[in-house]
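Colleague: Take this structure first; my questions come after.
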2 protein chains.
Amino acid sequence: ALNISLFPGGPANFSTYINTKKIFKPYPIMSTTQTNKIEIIKAATSKINEVDFDNLSFGAVFTDHLFECDYKNGEWQKPVIKPYAPFLLDPSAKVFHYGQAIFEGMKAYKDDNNDLWLFRPDENYKRFNTSAVRMAMPEVPEHIFMDGLNQLLQLDEAWVKKGKGNTMYIRPFMIATGEGVIANPSDEYKFMIILSPAKSYYAGEVKVLIAEHYSRAANGGIGAAKAAGNYAAQFYPTTLANKEGFQQVIWTDDATHTKLEEAGTMNVFFRINDTLLTAPTSERILDGITRKSLLDMAKKEGINVDVRPVLVSELVEASKNGSLKEIFGAGTAAVVNPIIGYSYKDVYYELPKVENSYASLLKEKLTNIQHKLAEDTFGWTVKV
Amino acid sequence: ALNISLFPGGPANFSTYINTKKIFKPYPIMSTTQTNKIEIIKAATSKINEVDFDNLSFGAVFTDHLFECDYKNGEWQKPVIKPYAPFLLDPSAKVFHYGQAIFEGMKAYKDDNNDLWLFRPDENYKRFNTSAVRMAMPEVPEHIFMDGLNQLLQLDEAWVKKGKGNTMYIRPFMIATGEGVIANPSDEYKFMIILSPAKSYYAGEVKVLIAEHYSRAANGGIGAAKAAGNYAAQFYPTTLANKEGFQQVIWTDDATHTKLEEAGTMNVFFRINDTLLTAPTSERILDGITRKSLLDMAKKEGINVDVRPVLVSELVEASKNGSLKEIFGAGTAAVVNPIIGYSYKDVYYELPKVENSYASLLKEKLTNIQHKLAEDTFGWTVKV
């Protein structure tokens, strides 16, 4: 029988737990040897000439097509690529009422030979299904996720522009489409992939507020899942911070507000003297792919890396004694997002300008790998 | 200037805080004196004869019409009542990606004179806007909420059946319809009301599992809001409990798992000897309308009521010494949901059968008031 007294005292990492124990596999998965012919319905005309690729707002423009696969009657249905368009949902669709919705953020890049590349897509795929399990949604079979992604990118490849300033932001997501206003898991879902061309993201000079009251995740909650509800929960506290002149909030643990956890929707790194610090992943902290890539790269660069809970008190102390050199966020959209100062208990601490910035070094190295401008010794890039 | 160092040390109650300080009013609200003519588009034919009113699944059948009002360009648009039907959304609609979605649950009743009654609708209205504020969504003006609700109920009044076994479940909800895969608040929303006829809800004999690891809310989080994401977060732990033979989970505080907070999607009451105990509302605990009504009724019945944090250890001790008499959930759907036993740390504690059950007494008294079968000395019922 299933042992329900889960995690006595830990472990903190839900995905490790899930992967180890395989306790929750309620949904049948199509065999990966099953024929996976994707129906392709091409758009009659392309919107591409209407788009100004030099002035793109992040996440606002979408390509001509999308990938879609529905789950019903206990199995995934025939996948389709079709023109990007609105779709119909019933007012009682469970995504509207109970928030069963997850997503991933990933990018594709075009090199000088017009080849398309993905960055660690296997990691996004695995995390997508970890999120699905936590939200009681069916896992998406690998061939549906990967074949859909590859064929969609090939069809809309003209939308991916060459050069380091250009990327294609990829948004796989799944929503509960089953009907009925009763709070239980849906029996129908829609998995989609949409594509949004993007310029390299520059967030400007970012000042952050360290959260003293609000939080983004609970112990035993869904902070490690890329669940839609995690994001809406941040909007109000972030709006309050914006009004005080801070672009983002650095989230602290909800129980004590003493541990530094994430910055906005990104993982967060701190450099004290020449050591790079970041919190370990947990149920409260997303297992970021940029985060883990930066850690691997930093180690390779000979940077001293320390993955452990980082305390607010340490940060303030390091500011006061001059040993705090850098803070930066890490995520798919911005890659690395340097922070120029932070406020805690109404005191603002400005960061020094450093010459040999770890943020700059790691961002440069990582984006060069992603854009195939440097050798990918890690084996992270995958050709479409 | 806005003081951002919010809640130093408390208070726990977000809605009290919001109501007191009025710190977040970013959206313009139409004047309540403004003309509020609702456009009404009637369905050509009614589905009512297709419905078996004696065999209704909860939340599965909807009436002929719905109420809809969109928010765009910074203001609420013209409201409309129209035939219940699916509607179009863009794949990048923010509700799918960032979970900006809130709802209310309320009921209407038909008395023997064919008059329609609501139960404390002002409380649902206020809580809806408290949820809206926490999720960075625009507040819905009172005339739109109330006039929409009343006119929709009048139009579909034939769907509300007389008798104590019959109610009309009402689901007002709001979703973010703005487009774009960037994590910030939407600038467009849709507010809807849909109606679902319901039989009195009987959940069967309910055994519950006390959460030792999972949780439903964080300090500084959104547990007090009726936000969609709160519900999806519960599905996976509840599914685990179901597999062990428990119908619901009693949630404990996420930091220590020592305090009893909610049961499934309901507030929870405990009777130890002849005292009725329930946790105070807080940022983690929903300010339930059934909860507060039961408290007022219990006091009037001369029952000793104690609203304070209730510890798991107290409950186990009371089970062991025989002083634990009852546990029950309280919410709109089930009104009162008696619990027959609970499990904690792999030990199952059965509740005794009591003769003068508080759960039965309070449920009987409350449903009599709701159905106009007893005098409403509290002034809770409002005629449609």
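Residues are named by chain letter and number: chains run A, B, ... in the order of the structure tokens, numbers start at 1 in each chain, and ligands are numbered from 1 in the order shown.
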I'd like a table as a Markdown table: residues in chain A with an atom no more than 7 Å from chain B, each row giving the shortest atom pair and its distance in Å to one decimal, only C-alpha atoms counted, sorted by chain and rising residue number.
Modeller:
| residue | atom | partner | partner_atom | distance |
| --- | --- | --- | --- | --- |
| A:Ile4 | CA | B:Leu240 | CA | 6.8 |
| A:Ser5 | CA | B:Lys345 | CA | 6.5 |
| A:Leu6 | CA | B:His213 | CA | 6.2 |
| A:Phe7 | CA | B:His213 | CA | 6.3 |
| A:Phe58 | CA | B:Ile182 | CA | 6.7 |
| A:Gly59 | CA | B:Val181 | CA | 4.6 |
| A:Ala60 | CA | B:Gly180 | CA | 4.8 |
| A:Ala85 | CA | B:Asp90 | CA | 6.5 |
| A:Pro86 | CA | B:Asp90 | CA | 4.1 |
| A:Phe87 | CA | B:Leu88 | CA | 5.1 |
| A:Leu88 | CA | B:Leu88 | CA | 4.4 |
| A:Leu89 | CA | B:Pro86 | CA | 5.0 |
| A:Asp90 | CA | B:Pro86 | CA | 4.1 |
| A:Pro91 | CA | B:Pro86 | CA | 6.0 |
| A:Phe96 | CA | B:Ala101 | CA | 6.2 |
| A:His97 | CA | B:Ala228 | CA | 5.1 |
| A:Tyr98 | CA | B:Ala228 | CA | 4.1 |
| A:Gly99 | CA | B:Gly229 | CA | 4.4 |
| A:Gln100 | CA | B:Ala232 | CA | 5.1 |
| A:Ala101 | CA | B:Phe96 | CA | 6.2 |
| A:Ile102 | CA | B:His97 | CA | 7.0 |
| A:Phe103 | CA | B:His97 | CA | 6.7 |
| A:Arg134 | CA | B:Tyr236 | CA | 5.8 |
| A:Met135 | CA | B:Tyr236 | CA | 6.0 |
| A:Ala136 | CA | B:Tyr236 | CA | 5.0 |
| A:Ile175 | CA | B:Phe96 | CA | 6.5 |
| A:Gly180 | CA | B:Ala60 | CA | 4.8 |
| A:Val181 | CA | B:Gly59 | CA | 4.6 |
| A:Ile182 | CA | B:Gly59 | CA | 5.5 |
| A:Ala183 | CA | B:Tyr231 | CA | 6.8 |
| A:Asn184 | CA | B:Phe235 | CA | 6.4 |
| A:Pro185 | CA | B:Phe235 | CA | 6.3 |
| A:Glu212 | CA | B:Ser5 | CA | 6.7 |
| A:His213 | CA | B:Gly220 | CA | 5.5 |
| A:Tyr214 | CA | B:Gly220 | CA | 3.8 |
| A:Ser215 | CA | B:Gly220 | CA | 5.0 |
| A:Arg216 | CA | B:Gly221 | CA | 6.4 |
| A:Ala217 | CA | B:Ala218 | CA | 6.1 |
| A:Ala218 | CA | B:Ala218 | CA | 4.5 |
| A:Asn219 | CA | B:Asp254 | CA | 5.3 |
| A:Gly220 | CA | B:Tyr214 | CA | 3.8 |
| A:Gly221 | CA | B:Ser215 | CA | 5.6 |
| A:Ile222 | CA | B:Ala233 | CA | 6.4 |
| A:Ala228 | CA | B:Tyr98 | CA | 4.1 |
| A:Gly229 | CA | B:Gly229 | CA | 4.3 |
| A:Tyr231 | CA | B:Tyr98 | CA | 5.1 |
| A:Ala232 | CA | B:Gln100 | CA | 5.1 |
| A:Ala233 | CA | B:Met135 | CA | 6.0 |
| A:Phe235 | CA | B:Ala136 | CA | 5.9 |
| A:Tyr236 | CA | B:Ala136 | CA | 4.9 |
| A:Leu240 | CA | B:Ile4 | CA | 6.8 |
| A:Ala241 | CA | B:Ile4 | CA | 6.8 |
| A:Asp254 | CA | B:Asn219 | CA | 5.3 |
| A:Ala255 | CA | B:Ala255 | CA | 5.4 |
| A:Lys345 | CA | B:Ser5 | CA | 6.5 |
| A:Asp346 | CA | B:Ser5 | CA | 6.9 |
Colleague: Looking only at the backbone, which of the residues in stretch 68-170 of chain A does DSSP tag as helix (DSSP H, G or I), as a PDB file with N, CA and C atoms, in the first residue's frame?
Modeller:
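As written to disk, states08.pdb reads:
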ATOM      1  N   LYS A  94     -12.365  23.900 -16.116  1.00  0.00           N
ATOM      2  CA  LYS A  94     -11.733  23.894 -14.783  1.00  0.00           C
ATOM      3  C   LYS A  94     -10.539  24.836 -14.673  1.00  0.00           C
ATOM      4  N   VAL A  95      -9.893  25.136 -15.802  1.00  0.00           N
ATOM      5  CA  VAL A  95      -8.768  26.074 -15.716  1.00  0.00           C
ATOM      6  C   VAL A  95      -9.214  27.428 -15.182  1.00  0.00           C
ATOM      7  N   PHE A  96     -10.434  27.830 -15.469  1.00  0.00           N
ATOM      8  CA  PHE A  96     -10.933  29.131 -15.007  1.00  0.00           C
ATOM      9  C   PHE A  96     -11.237  29.147 -13.511  1.00  0.00           C
ATOM     10  N   HIS A  97     -11.636  27.993 -12.983  1.00  0.00           N
ATOM     11  CA  HIS A  97     -12.151  27.950 -11.608  1.00  0.00           C
ATOM     12  C   HIS A  97     -11.155  27.376 -10.609  1.00  0.00           C
ATOM     13  N   TYR A  98     -10.344  26.412 -11.055  1.00  0.00           N
ATOM     14  CA  TYR A  98      -9.490  25.711 -10.093  1.00  0.00           C
ATOM     15  C   TYR A  98      -8.012  25.767 -10.446  1.00  0.00           C
ATOM     16  N   PRO A 121      16.481  20.982 -23.991  1.00  0.00           N
ATOM     17  CA  PRO A 121      15.017  20.774 -24.037  1.00  0.00           C
ATOM     18  C   PRO A 121      14.557  19.607 -23.167  1.00  0.00           C
ATOM     19  N   ASP A 122      15.443  18.616 -22.964  1.00  0.00           N
ATOM     20  CA  ASP A 122      15.099  17.476 -22.109  1.00  0.00           C
ATOM     21  C   ASP A 122      14.803  17.933 -20.687  1.00  0.00           C
ATOM     22  N   GLU A 123      15.505  18.971 -20.236  1.00  0.00           N
ATOM     23  CA  GLU A 123      15.268  19.485 -18.882  1.00  0.00           C
ATOM     24  C   GLU A 123      13.896  20.146 -18.780  1.00  0.00           C
ATOM     25  N   ASN A 124      13.509  20.898 -19.804  1.00  0.00           N
ATOM     26  CA  ASN A 124      12.165  21.498 -19.796  1.00  0.00           C
ATOM     27  C   ASN A 124      11.097  20.421 -19.846  1.00  0.00           C
ATOM     28  N   TYR A 125      11.351  19.411 -20.671  1.00  0.00           N
ATOM     29  CA  TYR A 125      10.366  18.328 -20.785  1.00  0.00           C
ATOM     30  C   TYR A 125      10.164  17.629 -19.438  1.00  0.00           C
ATOM     31  N   LYS A 126      11.264  17.290 -18.782  1.00  0.00           N
ATOM     32  CA  LYS A 126      11.151  16.601 -17.483  1.00  0.00           C
ATOM     33  C   LYS A 126      10.448  17.475 -16.447  1.00  0.00           C
ATOM     34  N   ARG A 127      10.818  18.759 -16.431  1.00  0.00           N
ATOM     35  CA  ARG A 127      10.214  19.640 -15.434  1.00  0.00           C
ATOM     36  C   ARG A 127       8.730  19.854 -15.720  1.00  0.00           C
ATOM     37  N   PHE A 128       8.368  19.889 -16.993  1.00  0.00           N
ATOM     38  CA  PHE A 128       6.950  20.038 -17.348  1.00  0.00           C
ATOM     39  C   PHE A 128       6.136  18.903 -16.729  1.00  0.00           C
ATOM     40  N   ASN A 129       6.647  17.696 -16.846  1.00  0.00           N
ATOM     41  CA  ASN A 129       5.903  16.561 -16.298  1.00  0.00           C
ATOM     42  C   ASN A 129       5.968  16.492 -14.776  1.00  0.00           C
ATOM     43  N   THR A 130       7.051  16.993 -14.193  1.00  0.00           N
ATOM     44  CA  THR A 130       7.091  17.112 -12.723  1.00  0.00           C
ATOM     45  C   THR A 130       5.997  18.076 -12.256  1.00  0.00           C
ATOM     46  N   SER A 131       5.853  19.192 -12.981  1.00  0.00           N
ATOM     47  CA  SER A 131       4.777  20.143 -12.664  1.00  0.00           C
ATOM     48  C   SER A 131       3.418  19.480 -12.849  1.00  0.00           C
ATOM     49  N   ALA A 132       3.269  18.704 -13.937  1.00  0.00           N
ATOM     50  CA  ALA A 132       1.990  18.039 -14.220  1.00  0.00           C
ATOM     51  C   ALA A 132       1.593  17.130 -13.062  1.00  0.00           C
ATOM     52  N   VAL A 133       2.541  16.329 -12.589  1.00  0.00           N
ATOM     53  CA  VAL A 133       2.256  15.411 -11.480  1.00  0.00           C
ATOM     54  C   VAL A 133       1.787  16.190 -10.256  1.00  0.00           C
ATOM     55  N   ARG A 134       2.491  17.266  -9.916  1.00  0.00           N
ATOM     56  CA  ARG A 134       2.136  18.014  -8.710  1.00  0.00           C
ATOM     57  C   ARG A 134       0.762  18.661  -8.816  1.00  0.00           C
ATOM     58  N   GLU A 142       6.798  11.916 -24.207  1.00  0.00           N
ATOM     59  CA  GLU A 142       7.961  12.603 -24.757  1.00  0.00           C
ATOM     60  C   GLU A 142       7.838  12.835 -26.268  1.00  0.00           C
ATOM     61  N   HIS A 143       7.312  11.839 -26.998  1.00  0.00           N
ATOM     62  CA  HIS A 143       7.259  12.029 -28.455  1.00  0.00           C
ATOM     63  C   HIS A 143       6.273  13.128 -28.846  1.00  0.00           C
ATOM     64  N   ILE A 144       5.215  13.315 -28.061  1.00  0.00           N
ATOM     65  CA  ILE A 144       4.276  14.401 -28.371  1.00  0.00           C
ATOM     66  C   ILE A 144       4.938  15.747 -28.116  1.00  0.00           C
ATOM     67  N   PHE A 145       5.580  15.875 -26.959  1.00  0.00           N
ATOM     68  CA  PHE A 145       6.243  17.139 -26.601  1.00  0.00           C
ATOM     69  C   PHE A 145       7.360  17.461 -27.599  1.00  0.00           C
ATOM     70  N   MET A 146       8.236  16.496 -27.822  1.00  0.00           N
ATOM     71  CA  MET A 146       9.442  16.767 -28.620  1.00  0.00           C
ATOM     72  C   MET A 146       9.153  16.853 -30.119  1.00  0.00           C
ATOM     73  N   ASP A 147       8.335  15.947 -30.633  1.00  0.00           N
ATOM     74  CA  ASP A 147       8.018  16.001 -32.068  1.00  0.00           C
ATOM     75  C   ASP A 147       7.195  17.244 -32.382  1.00  0.00           C
ATOM     76  N   GLY A 148       6.266  17.569 -31.480  1.00  0.00           N
ATOM     77  CA  GLY A 148       5.472  18.774 -31.681  1.00  0.00           C
ATOM     78  C   GLY A 148       6.360  20.003 -31.716  1.00  0.00           C
ATOM     79  N   LEU A 149       7.265  20.096 -30.764  1.00  0.00           N
ATOM     80  CA  LEU A 149       8.184  21.233 -30.667  1.00  0.00           C
ATOM     81  C   LEU A 149       9.044  21.349 -31.922  1.00  0.00           C
ATOM     82  N   ASN A 150       9.626  20.232 -32.339  1.00  0.00           N
ATOM     83  CA  ASN A 150      10.534  20.247 -33.488  1.00  0.00           C
ATOM     84  C   ASN A 150       9.807  20.587 -34.787  1.00  0.00           C
ATOM     85  N   GLN A 151       8.648  19.967 -34.987  1.00  0.00           N
ATOM     86  CA  GLN A 151       7.946  20.215 -36.251  1.00  0.00           C
ATOM     87  C   GLN A 151       7.367  21.626 -36.313  1.00  0.00           C
ATOM     88  N   LEU A 152       6.923  22.131 -35.177  1.00  0.00           N
ATOM     89  CA  LEU A 152       6.406  23.503 -35.144  1.00  0.00           C
ATOM     90  C   LEU A 152       7.525  24.501 -35.461  1.00  0.00           C
ATOM     91  N   LEU A 153       8.697  24.279 -34.845  1.00  0.00           N
ATOM     92  CA  LEU A 153       9.825  25.179 -35.097  1.00  0.00           C
ATOM     93  C   LEU A 153      10.274  25.118 -36.555  1.00  0.00           C
ATOM     94  N   GLN A 154      10.266  23.924 -37.121  1.00  0.00           N
ATOM     95  CA  GLN A 154      10.661  23.800 -38.532  1.00  0.00           C
ATOM     96  C   GLN A 154       9.687  24.551 -39.441  1.00  0.00           C
ATOM     97  N   LEU A 155       8.389  24.414 -39.139  1.00  0.00           N
ATOM     98  CA  LEU A 155       7.382  25.061 -39.982  1.00  0.00           C
ATOM     99  C   LEU A 155       7.499  26.583 -39.910  1.00  0.00           C
ATOM    100  N   GLU A 157      10.223  28.351 -39.050  1.00  0.00           N
ATOM    101  CA  GLU A 157      11.641  28.674 -38.845  1.00  0.00           C
ATOM    102  C   GLU A 157      11.999  30.068 -39.369  1.00  0.00           C
ATOM    103  N   ALA A 158      11.246  30.574 -40.329  1.00  0.00           N
ATOM    104  CA  ALA A 158      11.554  31.915 -40.866  1.00  0.00           C
ATOM    105  C   ALA A 158      11.392  32.998 -39.802  1.00  0.00           C
ATOM    106  N   TRP A 159      10.635  32.682 -38.750  1.00  0.00           N
ATOM    107  CA  TRP A 159      10.410  33.636 -37.657  1.00  0.00           C
ATOM    108  C   TRP A 159      11.596  33.701 -36.684  1.00  0.00           C
TER     109      TRP A 159
END
Colleague: May I ask for the distance between atom CA of A:Val268 and atom CA of A:Asn356, given in Å to one decimal place?
Modeller: 18.8 Å
Colleague: So that I can check the surroundings of A:Gly302, please list as a list in words every protein, DNA and RNA residue that reaches within 12 Å of it, counting only C-alpha atoms and ignoring chain neighbours fewer than 2 positions away.
Modeller: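 Those residues are Asp274, Thr275, Leu276, Leu295, Asp296, Met297, Ala298, Lys299, Lys300, Asn304, Val305, Tyr358 and Leu362 of chain A.
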Colleague: To one decimal place in Å, what is the distance between atom CA of B:Lys110 and atom CA of B:Phe191?
Modeller: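 So the answer is 25.5 Å.
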Colleague: Pick out the residues sitting within 9 Å of B:Lys363, and hand them over as a list of chain:residue names; count only C-alpha atoms, and ignore anything fewer than 2 positions along from it in its own chain.
Modeller: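 Neighbouring residues, sequence-local ones excluded: B:Leu294, B:Val335, B:Val336, B:Asn337, B:Tyr358, B:Ala359, B:Ser360, B:Leu361, B:Lys365, B:Leu366, B:Thr367, B:Asn368.
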Colleague: One decimal, in Å: what's the spacing between atom CA of A:Lys325 and atom CA of A:Ile285?
Modeller: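 Straight-line distance from atom CA of A:Lys325 to atom CA of A:Ile285 works out to 23.3 Å.
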Colleague: Run DSSP on the backbone of this structure and report the residues of stretch 158-308 of chain A it assigns to strand (DSSP E or B), as a PyMOL selection string.
Modeller: chain A and resi 162+166-176+179+189-199+206-210+227+248-252+259-263+266-272+275-278+304-307
